[in-house]
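Q: For reference, this is work21.txt, and it has compact mmCIF, N, CA and C atoms and all ligand atoms.
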# COMPACT_ATOMS: atom_id res chain seq x y z
N MET I 749 -14.26 -30.85 2.03
CA MET I 749 -14.55 -29.46 2.33
C MET I 749 -15.29 -28.79 1.16
N THR I 750 -14.63 -28.69 0.05
CA THR I 750 -15.29 -28.05 -1.09
C THR I 750 -16.16 -29.05 -1.82
N THR I 751 -17.10 -28.55 -2.54
CA THR I 751 -18.01 -29.41 -3.27
C THR I 751 -17.57 -29.56 -4.72
N GLY I 752 -16.35 -29.19 -5.00
CA GLY I 752 -15.85 -29.34 -6.36
C GLY I 752 -15.87 -28.03 -7.11
N GLN I 753 -15.26 -28.07 -8.27
CA GLN I 753 -15.20 -26.86 -9.07
C GLN I 753 -16.59 -26.48 -9.57
N PRO I 754 -16.87 -25.19 -9.61
CA PRO I 754 -18.16 -24.76 -10.14
C PRO I 754 -18.29 -25.14 -11.61
N ASN I 755 -19.51 -25.37 -12.00
CA ASN I 755 -19.78 -25.72 -13.39
C ASN I 755 -19.47 -24.52 -14.29
N ARG I 756 -18.60 -24.74 -15.26
CA ARG I 756 -18.14 -23.62 -16.09
C ARG I 756 -19.25 -23.02 -16.92
N ARG I 757 -20.15 -23.85 -17.36
CA ARG I 757 -21.23 -23.31 -18.16
C ARG I 757 -22.13 -22.41 -17.31
N GLU I 758 -22.36 -22.82 -16.08
CA GLU I 758 -23.13 -21.98 -15.18
C GLU I 758 -22.41 -20.67 -14.90
N LEU I 759 -21.09 -20.77 -14.74
CA LEU I 759 -20.33 -19.56 -14.45
C LEU I 759 -20.38 -18.58 -15.61
N ARG I 760 -20.40 -19.11 -16.81
CA ARG I 760 -20.49 -18.23 -17.98
C ARG I 760 -21.76 -17.38 -17.92
N LYS I 761 -22.80 -17.96 -17.39
CA LYS I 761 -24.06 -17.21 -17.28
C LYS I 761 -24.06 -16.30 -16.07
N GLN I 762 -23.42 -16.77 -15.01
CA GLN I 762 -23.45 -16.03 -13.74
C GLN I 762 -22.57 -14.79 -13.78
N LEU I 763 -21.44 -14.92 -14.46
CA LEU I 763 -20.43 -13.87 -14.42
C LEU I 763 -20.43 -13.04 -15.71
N SER I 764 -19.95 -11.82 -15.60
CA SER I 764 -19.71 -11.03 -16.81
C SER I 764 -18.51 -11.62 -17.54
N PRO I 765 -18.35 -11.30 -18.82
CA PRO I 765 -17.16 -11.82 -19.54
C PRO I 765 -15.85 -11.46 -18.86
N LEU I 766 -15.77 -10.25 -18.33
CA LEU I 766 -14.53 -9.86 -17.65
C LEU I 766 -14.35 -10.64 -16.35
N GLN I 767 -15.42 -10.78 -15.59
CA GLN I 767 -15.34 -11.56 -14.34
C GLN I 767 -14.92 -12.98 -14.63
N TYR I 768 -15.46 -13.55 -15.69
CA TYR I 768 -15.10 -14.92 -16.05
C TYR I 768 -13.63 -15.00 -16.45
N HIS I 769 -13.21 -14.06 -17.27
CA HIS I 769 -11.82 -14.06 -17.75
C HIS I 769 -10.84 -13.95 -16.58
N VAL I 770 -11.13 -13.04 -15.65
CA VAL I 770 -10.21 -12.82 -14.54
C VAL I 770 -10.19 -14.02 -13.59
N THR I 771 -11.37 -14.48 -13.18
CA THR I 771 -11.41 -15.50 -12.14
C THR I 771 -11.10 -16.89 -12.66
N GLN I 772 -11.47 -17.20 -13.90
CA GLN I 772 -11.32 -18.56 -14.41
C GLN I 772 -10.12 -18.72 -15.33
N GLU I 773 -9.63 -17.62 -15.88
CA GLU I 773 -8.51 -17.68 -16.82
C GLU I 773 -7.33 -16.86 -16.33
N ALA I 774 -7.37 -16.47 -15.04
CA ALA I 774 -6.28 -15.72 -14.43
C ALA I 774 -5.96 -14.45 -15.20
N GLY I 775 -7.02 -13.78 -15.63
CA GLY I 775 -6.83 -12.52 -16.33
C GLY I 775 -6.58 -11.37 -15.37
N THR I 776 -6.30 -10.23 -15.95
CA THR I 776 -6.11 -9.02 -15.16
C THR I 776 -6.88 -7.88 -15.81
N GLU I 777 -7.71 -7.22 -15.03
CA GLU I 777 -8.42 -6.07 -15.57
C GLU I 777 -7.44 -4.91 -15.75
N ARG I 778 -7.76 -4.00 -16.63
CA ARG I 778 -6.88 -2.85 -16.84
C ARG I 778 -6.92 -1.94 -15.62
N ALA I 779 -5.74 -1.41 -15.25
CA ALA I 779 -5.65 -0.53 -14.10
C ALA I 779 -6.57 0.67 -14.27
N PHE I 780 -7.11 1.11 -13.17
CA PHE I 780 -7.98 2.29 -13.11
C PHE I 780 -9.29 2.10 -13.87
N THR I 781 -9.66 0.88 -14.19
CA THR I 781 -10.92 0.66 -14.89
C THR I 781 -11.91 -0.13 -14.05
N GLY I 782 -11.46 -0.76 -12.99
CA GLY I 782 -12.33 -1.64 -12.23
C GLY I 782 -13.30 -0.86 -11.36
N GLU I 783 -14.22 -1.61 -10.79
CA GLU I 783 -15.28 -1.00 -9.99
C GLU I 783 -14.78 -0.51 -8.64
N TYR I 784 -13.73 -1.12 -8.11
CA TYR I 784 -13.41 -0.89 -6.70
C TYR I 784 -12.05 -0.24 -6.44
N TRP I 785 -11.26 0.04 -7.48
CA TRP I 785 -9.91 0.52 -7.20
C TRP I 785 -9.94 1.80 -6.39
N ASP I 786 -10.94 2.64 -6.60
CA ASP I 786 -11.02 3.92 -5.90
C ASP I 786 -12.18 3.94 -4.91
N CYS I 787 -12.70 2.77 -4.59
CA CYS I 787 -13.87 2.68 -3.71
C CYS I 787 -13.44 2.78 -2.25
N LYS I 788 -14.10 3.66 -1.50
CA LYS I 788 -13.78 3.82 -0.09
C LYS I 788 -14.97 3.47 0.80
N ASP I 789 -15.94 2.81 0.25
CA ASP I 789 -17.13 2.45 1.03
C ASP I 789 -16.80 1.36 2.04
N ASP I 790 -17.51 1.40 3.16
CA ASP I 790 -17.33 0.40 4.19
C ASP I 790 -18.11 -0.87 3.84
N GLY I 791 -17.50 -2.00 4.14
CA GLY I 791 -18.18 -3.26 3.89
C GLY I 791 -17.18 -4.39 3.82
N VAL I 792 -17.64 -5.49 3.26
CA VAL I 792 -16.80 -6.68 3.14
C VAL I 792 -16.77 -7.10 1.68
N TYR I 793 -15.57 -7.35 1.18
CA TYR I 793 -15.39 -7.79 -0.20
C TYR I 793 -15.46 -9.32 -0.24
N HIS I 794 -16.40 -9.82 -1.03
CA HIS I 794 -16.60 -11.26 -1.16
C HIS I 794 -16.08 -11.74 -2.51
N CYS I 795 -15.77 -13.02 -2.58
CA CYS I 795 -15.44 -13.67 -3.84
C CYS I 795 -16.65 -13.56 -4.77
N VAL I 796 -16.45 -13.10 -5.99
CA VAL I 796 -17.57 -12.88 -6.90
C VAL I 796 -18.16 -14.22 -7.37
N VAL I 797 -17.38 -15.30 -7.25
CA VAL I 797 -17.84 -16.60 -7.72
C VAL I 797 -18.62 -17.34 -6.63
N CYS I 798 -18.03 -17.47 -5.44
CA CYS I 798 -18.64 -18.34 -4.42
C CYS I 798 -19.11 -17.56 -3.20
N ASP I 799 -18.90 -16.26 -3.17
CA ASP I 799 -19.43 -15.37 -2.13
C ASP I 799 -18.75 -15.55 -0.78
N THR I 800 -17.57 -16.14 -0.75
CA THR I 800 -16.81 -16.20 0.50
C THR I 800 -16.28 -14.80 0.83
N ALA I 801 -16.42 -14.40 2.10
CA ALA I 801 -15.89 -13.11 2.54
C ALA I 801 -14.37 -13.17 2.55
N LEU I 802 -13.71 -12.24 1.85
CA LEU I 802 -12.26 -12.31 1.69
C LEU I 802 -11.53 -11.13 2.31
N PHE I 803 -12.06 -9.93 2.14
CA PHE I 803 -11.35 -8.74 2.61
C PHE I 803 -12.32 -7.77 3.26
N ALA I 804 -11.88 -7.16 4.37
CA ALA I 804 -12.65 -6.11 5.00
C ALA I 804 -12.19 -4.76 4.46
N SER I 805 -13.14 -3.85 4.35
CA SER I 805 -12.81 -2.55 3.74
C SER I 805 -11.78 -1.78 4.57
N ASP I 806 -11.70 -2.05 5.87
CA ASP I 806 -10.73 -1.29 6.67
C ASP I 806 -9.30 -1.80 6.51
N THR I 807 -9.10 -2.84 5.70
CA THR I 807 -7.74 -3.25 5.36
C THR I 807 -7.37 -2.82 3.95
N LYS I 808 -8.27 -2.09 3.31
CA LYS I 808 -8.02 -1.58 1.96
C LYS I 808 -7.26 -0.27 2.06
N TYR I 809 -6.34 -0.05 1.16
CA TYR I 809 -5.60 1.20 1.18
C TYR I 809 -5.30 1.64 -0.24
N ASP I 810 -4.94 2.90 -0.39
CA ASP I 810 -4.67 3.46 -1.71
C ASP I 810 -3.23 3.18 -2.09
N SER I 811 -3.05 2.19 -2.96
CA SER I 811 -1.70 1.80 -3.37
C SER I 811 -1.21 2.61 -4.56
N GLY I 812 -2.12 3.32 -5.21
CA GLY I 812 -1.75 4.10 -6.38
C GLY I 812 -1.59 3.27 -7.64
N THR I 813 -1.94 1.99 -7.58
CA THR I 813 -1.71 1.10 -8.72
C THR I 813 -2.89 1.06 -9.68
N GLY I 814 -4.06 1.48 -9.21
CA GLY I 814 -5.24 1.36 -10.05
C GLY I 814 -6.00 0.07 -9.87
N TRP I 815 -5.55 -0.74 -8.93
CA TRP I 815 -6.29 -1.95 -8.55
C TRP I 815 -6.61 -1.87 -7.06
N PRO I 816 -7.72 -2.46 -6.65
CA PRO I 816 -8.02 -2.49 -5.21
C PRO I 816 -6.94 -3.26 -4.46
N SER I 817 -6.42 -2.64 -3.41
CA SER I 817 -5.28 -3.21 -2.70
C SER I 817 -5.58 -3.30 -1.21
N PHE I 818 -5.17 -4.39 -0.62
CA PHE I 818 -5.42 -4.66 0.79
C PHE I 818 -4.11 -5.09 1.44
N HIS I 819 -3.98 -4.81 2.74
CA HIS I 819 -2.77 -5.28 3.42
C HIS I 819 -3.02 -6.56 4.19
N SER I 820 -4.27 -6.96 4.34
CA SER I 820 -4.57 -8.17 5.10
C SER I 820 -5.80 -8.84 4.51
N GLU I 821 -5.89 -10.14 4.69
CA GLU I 821 -7.09 -10.87 4.31
C GLU I 821 -7.92 -11.17 5.54
N MET I 822 -9.17 -11.51 5.32
CA MET I 822 -10.02 -11.93 6.43
C MET I 822 -9.76 -13.39 6.76
N GLY I 823 -9.79 -13.71 8.06
CA GLY I 823 -9.63 -15.11 8.44
C GLY I 823 -8.21 -15.58 8.19
N ASP I 824 -8.00 -16.86 8.34
CA ASP I 824 -6.66 -17.41 8.25
C ASP I 824 -6.38 -18.14 6.94
N ASP I 825 -7.39 -18.65 6.32
CA ASP I 825 -7.13 -19.58 5.23
C ASP I 825 -8.14 -19.42 4.09
N ARG I 826 -8.48 -18.18 3.81
CA ARG I 826 -9.47 -17.96 2.75
C ARG I 826 -8.82 -17.61 1.42
N VAL I 827 -7.63 -17.04 1.51
CA VAL I 827 -6.90 -16.67 0.30
C VAL I 827 -5.71 -17.61 0.14
N GLY I 828 -5.72 -18.39 -0.92
CA GLY I 828 -4.63 -19.31 -1.17
C GLY I 828 -3.53 -18.65 -1.98
N ARG I 829 -2.35 -19.21 -1.90
CA ARG I 829 -1.20 -18.66 -2.62
C ARG I 829 -0.58 -19.72 -3.50
N ARG I 830 -0.25 -19.32 -4.71
CA ARG I 830 0.41 -20.20 -5.65
C ARG I 830 1.58 -19.44 -6.28
N THR I 831 2.60 -20.16 -6.60
CA THR I 831 3.71 -19.55 -7.33
C THR I 831 3.32 -19.40 -8.80
N ASP I 832 3.45 -18.18 -9.29
CA ASP I 832 3.07 -17.86 -10.67
C ASP I 832 4.31 -17.44 -11.45
N LEU I 833 4.66 -18.24 -12.44
CA LEU I 833 5.84 -17.95 -13.25
C LEU I 833 5.46 -17.39 -14.62
N SER I 834 4.19 -17.08 -14.81
CA SER I 834 3.71 -16.79 -16.17
C SER I 834 4.23 -15.48 -16.72
N GLY I 835 4.55 -14.55 -15.87
CA GLY I 835 4.98 -13.25 -16.39
C GLY I 835 6.45 -13.18 -16.73
N GLY I 836 7.16 -14.30 -16.61
CA GLY I 836 8.59 -14.30 -16.87
C GLY I 836 9.40 -14.03 -15.62
N TRP I 837 8.68 -13.79 -14.51
CA TRP I 837 9.35 -13.68 -13.23
C TRP I 837 8.46 -14.31 -12.18
N VAL I 838 8.94 -14.41 -10.97
CA VAL I 838 8.21 -15.13 -9.93
C VAL I 838 7.27 -14.18 -9.21
N ARG I 839 6.00 -14.51 -9.25
CA ARG I 839 5.03 -13.76 -8.47
C ARG I 839 4.21 -14.73 -7.62
N THR I 840 3.54 -14.20 -6.65
CA THR I 840 2.63 -15.00 -5.83
C THR I 840 1.21 -14.71 -6.27
N GLU I 841 0.58 -15.73 -6.82
CA GLU I 841 -0.81 -15.59 -7.24
C GLU I 841 -1.73 -15.80 -6.04
N ALA I 842 -2.77 -14.99 -5.94
CA ALA I 842 -3.78 -15.14 -4.90
C ALA I 842 -5.03 -15.75 -5.51
N VAL I 843 -5.52 -16.81 -4.86
CA VAL I 843 -6.74 -17.48 -5.32
C VAL I 843 -7.69 -17.63 -4.14
N CYS I 844 -8.98 -17.76 -4.47
CA CYS I 844 -9.97 -18.07 -3.45
C CYS I 844 -9.81 -19.53 -3.06
N ASN I 845 -9.61 -19.77 -1.76
CA ASN I 845 -9.41 -21.15 -1.33
C ASN I 845 -10.68 -21.98 -1.43
N GLU I 846 -11.81 -21.33 -1.48
CA GLU I 846 -13.06 -22.07 -1.52
C GLU I 846 -13.37 -22.58 -2.93
N CYS I 847 -13.20 -21.73 -3.92
CA CYS I 847 -13.62 -22.12 -5.27
C CYS I 847 -12.48 -22.10 -6.28
N GLY I 848 -11.32 -21.60 -5.88
CA GLY I 848 -10.18 -21.60 -6.80
C GLY I 848 -10.13 -20.42 -7.74
N ALA I 849 -11.04 -19.46 -7.58
CA ALA I 849 -11.05 -18.29 -8.47
C ALA I 849 -9.74 -17.51 -8.34
N HIS I 850 -9.23 -17.06 -9.47
CA HIS I 850 -8.07 -16.16 -9.46
C HIS I 850 -8.52 -14.80 -8.92
N LEU I 851 -7.75 -14.26 -8.00
CA LEU I 851 -8.09 -12.96 -7.41
C LEU I 851 -7.13 -11.87 -7.85
N GLY I 852 -5.85 -12.19 -7.88
CA GLY I 852 -4.83 -11.20 -8.20
C GLY I 852 -3.49 -11.72 -7.76
N HIS I 853 -2.62 -10.83 -7.31
CA HIS I 853 -1.30 -11.23 -6.86
C HIS I 853 -0.97 -10.58 -5.53
N ILE I 854 -0.03 -11.18 -4.83
CA ILE I 854 0.41 -10.67 -3.53
C ILE I 854 1.88 -10.28 -3.64
N PHE I 855 2.17 -9.04 -3.25
CA PHE I 855 3.53 -8.53 -3.30
C PHE I 855 3.98 -8.15 -1.89
N ASP I 856 5.27 -8.03 -1.72
CA ASP I 856 5.79 -7.80 -0.37
C ASP I 856 6.20 -6.35 -0.14
N ASP I 857 5.54 -5.43 -0.83
CA ASP I 857 5.86 -4.02 -0.66
C ASP I 857 4.68 -3.24 -0.07
N GLY I 858 3.89 -3.92 0.73
CA GLY I 858 2.72 -3.29 1.31
C GLY I 858 3.02 -2.59 2.63
N PRO I 859 2.01 -1.95 3.19
CA PRO I 859 2.17 -1.22 4.44
C PRO I 859 2.05 -2.13 5.67
N ALA I 860 2.28 -1.56 6.83
CA ALA I 860 2.04 -2.27 8.08
C ALA I 860 0.56 -2.61 8.18
N PRO I 861 0.16 -3.64 8.91
CA PRO I 861 1.03 -4.44 9.77
C PRO I 861 1.66 -5.65 9.08
N THR I 862 1.23 -5.99 7.88
CA THR I 862 1.72 -7.22 7.28
C THR I 862 2.90 -6.98 6.35
N GLY I 863 3.02 -5.77 5.81
CA GLY I 863 4.05 -5.53 4.80
C GLY I 863 3.72 -6.15 3.46
N GLU I 864 2.49 -6.63 3.33
CA GLU I 864 2.09 -7.27 2.08
C GLU I 864 1.06 -6.41 1.35
N ARG I 865 1.06 -6.54 0.04
CA ARG I 865 0.09 -5.84 -0.80
C ARG I 865 -0.70 -6.86 -1.59
N TYR I 866 -1.95 -7.00 -1.22
CA TYR I 866 -2.85 -7.86 -1.98
C TYR I 866 -3.40 -7.02 -3.13
N CYS I 867 -2.85 -7.25 -4.31
CA CYS I 867 -3.24 -6.49 -5.50
C CYS I 867 -4.34 -7.28 -6.21
N MET I 868 -5.58 -6.86 -6.01
CA MET I 868 -6.72 -7.65 -6.44
C MET I 868 -7.36 -7.05 -7.68
N ASN I 869 -8.17 -7.83 -8.34
CA ASN I 869 -9.00 -7.35 -9.44
C ASN I 869 -10.40 -7.06 -8.92
N SER I 870 -10.93 -5.90 -9.30
CA SER I 870 -12.32 -5.61 -8.95
C SER I 870 -13.25 -6.70 -9.47
N ALA I 871 -12.91 -7.25 -10.62
CA ALA I 871 -13.77 -8.24 -11.26
C ALA I 871 -13.85 -9.54 -10.47
N SER I 872 -12.93 -9.75 -9.53
CA SER I 872 -12.97 -10.95 -8.70
C SER I 872 -13.77 -10.75 -7.43
N LEU I 873 -14.15 -9.50 -7.17
CA LEU I 873 -14.72 -9.16 -5.87
C LEU I 873 -16.14 -8.63 -6.02
N ASN I 874 -16.89 -8.78 -4.94
CA ASN I 874 -18.23 -8.22 -4.84
C ASN I 874 -18.37 -7.59 -3.47
N LEU I 875 -18.47 -6.29 -3.42
CA LEU I 875 -18.54 -5.57 -2.15
C LEU I 875 -19.95 -5.62 -1.57
N HIS I 876 -20.03 -6.15 -0.37
CA HIS I 876 -21.28 -6.08 0.39
C HIS I 876 -21.16 -4.88 1.31
N ARG I 877 -21.81 -3.80 0.95
CA ARG I 877 -21.67 -2.57 1.72
C ARG I 877 -22.41 -2.67 3.04
N ASP I 878 -21.82 -2.04 4.05
CA ASP I 878 -22.40 -2.10 5.39
C ASP I 878 -23.83 -1.58 5.40
N ASP I 879 -24.07 -0.49 4.69
CA ASP I 879 -25.40 0.14 4.79
C ASP I 879 -26.45 -0.60 3.97
N GLU I 880 -26.01 -1.64 3.23
CA GLU I 880 -27.00 -2.43 2.49
C GLU I 880 -27.58 -3.53 3.37
N SER I 881 -26.74 -4.05 4.26
CA SER I 881 -27.21 -5.13 5.12
C SER I 881 -27.77 -4.60 6.43
N ALA I 882 -27.11 -3.57 6.97
CA ALA I 882 -27.56 -2.99 8.24
C ALA I 882 -28.61 -1.93 7.94
N ASP I 883 -29.82 -2.35 7.88
CA ASP I 883 -30.90 -1.46 7.53
C ASP I 883 -31.55 -0.90 8.79
N SER I 884 -30.80 -0.08 9.49
CA SER I 884 -31.29 0.43 10.75
C SER I 884 -32.28 1.58 10.50
N PRO I 885 -33.36 1.58 11.22
CA PRO I 885 -34.39 2.61 11.02
C PRO I 885 -34.06 3.91 11.76
N SER I 886 -32.77 4.13 11.99
CA SER I 886 -32.39 5.34 12.72
C SER I 886 -32.66 6.58 11.90
N GLU I 887 -33.23 7.56 12.55
CA GLU I 887 -33.45 8.82 11.88
C GLU I 887 -32.71 9.94 12.62
N ALA I 888 -31.83 9.54 13.54
CA ALA I 888 -31.13 10.53 14.34
C ALA I 888 -29.93 11.10 13.58
N ASP I 889 -29.38 10.33 12.65
CA ASP I 889 -28.19 10.80 11.98
C ASP I 889 -28.51 11.83 10.90
N ALA I 890 -27.98 12.99 11.11
CA ALA I 890 -28.14 14.02 10.08
C ALA I 890 -27.00 13.91 9.09
N ASN I 891 -27.24 14.33 7.90
CA ASN I 891 -26.18 14.33 6.91
C ASN I 891 -25.23 15.42 7.22
ZN ZN E 1 -14.48 -18.15 -4.31
Since I need it in another form, could you write the structure as structure tokens?

A:
Amino acid sequence: MTTGQPNRRELRKQLSPLQYHVTQEAGTERAFTGEYWDCKDDGVYHCVVCDTALFASDTKYDSGTGWPSFHSEMGDDRVGRRTDLSGGWVRTEAVCNECGAHLGHIFDDGPAPTGERYCMNSASLNLHRDDESADSPSEADAN
């Protein structure tokens, strides 16, 4: 299925230092500093490393944590889960199933319908906004 791990040297060039740290070293960006924690634009959030579509903007909600939070993932098997014991307690780490990039953590205190909170790092995501791809020549819509 996968073509193997991305070349780390290439990733160093492709990603910002923070993006590299978060996705390849399981880092965490500081709360309220990321690009998307307060973003309400419509679109699809892709993996910043391999561009797999991971989250739809209509599953994003304001968790108050300072990180972009979602209650559901796109598809069935795009976000992998691993047990993470690094913080001294048990957490569920979320990774991109396609490339293995660290995304964030999944907690069980989220809203309906899943009751889960995907607490993601902006640095792991790349938002493809709806109005960037759908370039409709409509002039009927007034502001
Ligand atoms: Zn990926």

Q: Using all atoms listed in the file, which of I:Ile854, I:Leu759, I:Ala801, I:Cys847 sits nearest ligand ZN 1 (chain E)?

A: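 Looking at the shortest contact to ligand ZN 1 (chain E), the residue is I:Cys847.
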
Q: Would you give me, as CSV, each residue of chain I having an atom within 7 Å of an atom of ligand ZN 1 (chain E), along with its shortest atom pair and that distance in Å to one decimal, using all atoms listed in the file and sorting by chain and residue number?

A:
residue,atom,partner,partner_atom,distance
I:His794,C,E:ZN1,ZN,6.8
I:Cys795,CA,E:ZN1,ZN,4.6
I:Val796,N,E:ZN1,ZN,5.7
I:Val797,C,E:ZN1,ZN,4.8
I:Cys798,N,E:ZN1,ZN,3.8
I:Asp799,N,E:ZN1,ZN,4.9
I:Thr800,N,E:ZN1,ZN,5.1
I:Val843,C,E:ZN1,ZN,6.8
I:Cys844,CA,E:ZN1,ZN,4.6
I:Asn845,N,E:ZN1,ZN,5.7
I:Glu846,C,E:ZN1,ZN,4.8
I:Cys847,N,E:ZN1,ZN,3.8
I:Gly848,N,E:ZN1,ZN,4.9
I:Ala849,N,E:ZN1,ZN,4.9

Q: Since we have the selection now, will you write its residues out, keeping N, CA and C atoms, as a CSV table (one decimal), keeping the file's coordinate frame?

A:
chain,number,residue,atom,x,y,z
I,794,HIS,N,-16.4,-9.8,-1.0
I,794,HIS,CA,-16.6,-11.3,-1.2
I,794,HIS,C,-16.1,-11.7,-2.5
I,795,CYS,N,-15.8,-13.0,-2.6
I,795,CYS,CA,-15.4,-13.7,-3.8
I,795,CYS,C,-16.6,-13.6,-4.8
I,796,VAL,N,-16.4,-13.1,-6.0
I,796,VAL,CA,-17.6,-12.9,-6.9
I,796,VAL,C,-18.2,-14.2,-7.4
I,797,VAL,N,-17.4,-15.3,-7.2
I,797,VAL,CA,-17.8,-16.6,-7.7
I,797,VAL,C,-18.6,-17.3,-6.6
I,798,CYS,N,-18.0,-17.5,-5.4
I,798,CYS,CA,-18.6,-18.3,-4.4
I,798,CYS,C,-19.1,-17.6,-3.2
I,799,ASP,N,-18.9,-16.3,-3.2
I,799,ASP,CA,-19.4,-15.4,-2.1
I,799,ASP,C,-18.8,-15.6,-0.8
I,800,THR,N,-17.6,-16.1,-0.8
I,800,THR,CA,-16.8,-16.2,0.5
I,800,THR,C,-16.3,-14.8,0.8
I,843,VAL,N,-5.5,-16.8,-4.9
I,843,VAL,CA,-6.7,-17.5,-5.3
I,843,VAL,C,-7.7,-17.6,-4.1
I,844,CYS,N,-9.0,-17.8,-4.5
I,844,CYS,CA,-10.0,-18.1,-3.4
I,844,CYS,C,-9.8,-19.5,-3.1
I,845,ASN,N,-9.6,-19.8,-1.8
I,845,ASN,CA,-9.4,-21.2,-1.3
I,845,ASN,C,-10.7,-22.0,-1.4
I,846,GLU,N,-11.8,-21.3,-1.5
I,846,GLU,CA,-13.1,-22.1,-1.5
I,846,GLU,C,-13.4,-22.6,-2.9
I,847,CYS,N,-13.2,-21.7,-3.9
I,847,CYS,CA,-13.6,-22.1,-5.3
I,847,CYS,C,-12.5,-22.1,-6.3
I,848,GLY,N,-11.3,-21.6,-5.9
I,848,GLY,CA,-10.2,-21.6,-6.8
I,848,GLY,C,-10.1,-20.4,-7.7
I,849,ALA,N,-11.0,-19.5,-7.6
I,849,ALA,CA,-11.0,-18.3,-8.5
I,849,ALA,C,-9.7,-17.5,-8.3

Q: Please list as an NGL selection string every residue within 12 Å of I:Ser872, counting only C-alpha atoms and excluding residues in the same chain fewer than 2 positions away.

A: :I and (763-777 or 782-785 or 793-803 or 815-816 or 842-844 or 847-853 or 867-870 or 874-875)

Q: Rounded to one decimal place, report the atom C of I:Asp789-atom N of I:His876 distance in Å.

A: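 Result for atom C of I:Asp789 versus atom N of I:His876: 8.5 Å, one decimal.
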
Q: Write out as a PyMOL selection string the set of residues from stretch 752-855 of chain I that DSSP, computed on the backbone, places in strand (DSSP E).

A: chain I and resi 791-795+801-804+808-809+817-818+827-832+839-844+850-855

Q: Using only N, CA and C atoms, collect all residues at a distance of at most 8 Å from (-4.2, -5.4, 0.6) as written in the file, then present them as a VMD selection string.

A: chain I and resid 807 to 809 816 to 821 858 to 859 864 to 868

Q: Mind checking which residues fall within 6 Å of I:Asp790, counting all atoms listed in the file, ignoring those fewer than 2 positions away in the same chain, and posting them as a ChimeraX atom specification?

A: /I:788,792,805,876-878

Q: Please indicate the distance in Å from atom C of I:Ala804 to atom C of I:Gly791, rounded to one decimal place.

A: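 Interatomic distance here is 5.0 Å.
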
Q: Just to confirm, what's the straight-line distance from atom C of I:Met822 to atom N of I:Pro861 in Å (one decimal)?

A: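 Between these atoms lies a distance of 14.1 Å.
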
Q: Residues of chain I classed as helix (DSSP H, G or I) by DSSP on the backbone are to be reported as a ChimeraX atom specification.

A: /I:756-762,765-773,805-807,870-872,878-881

Q: Measuring between only C-alpha atoms, which one of I:Arg760, I:Thr840, I:Asp810, I:Ala871 shows the shortest distance to I:Asp856?

A: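 Under the stated criterion, the closest residue is I:Thr840.
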
Q: What box, with edges along x, y and z, holds each listed atom of stretch 821-829 of chain I when 8 Å is added on every side, and can you state its centre and edge lengths in Å to one decimal, as lines of an AutoDock Vina configuration file?

A:
center_x = -5.3
center_y = -14.9
center_z = 2.5
size_x = 25.4
size_y = 25.6
size_z = 27.9
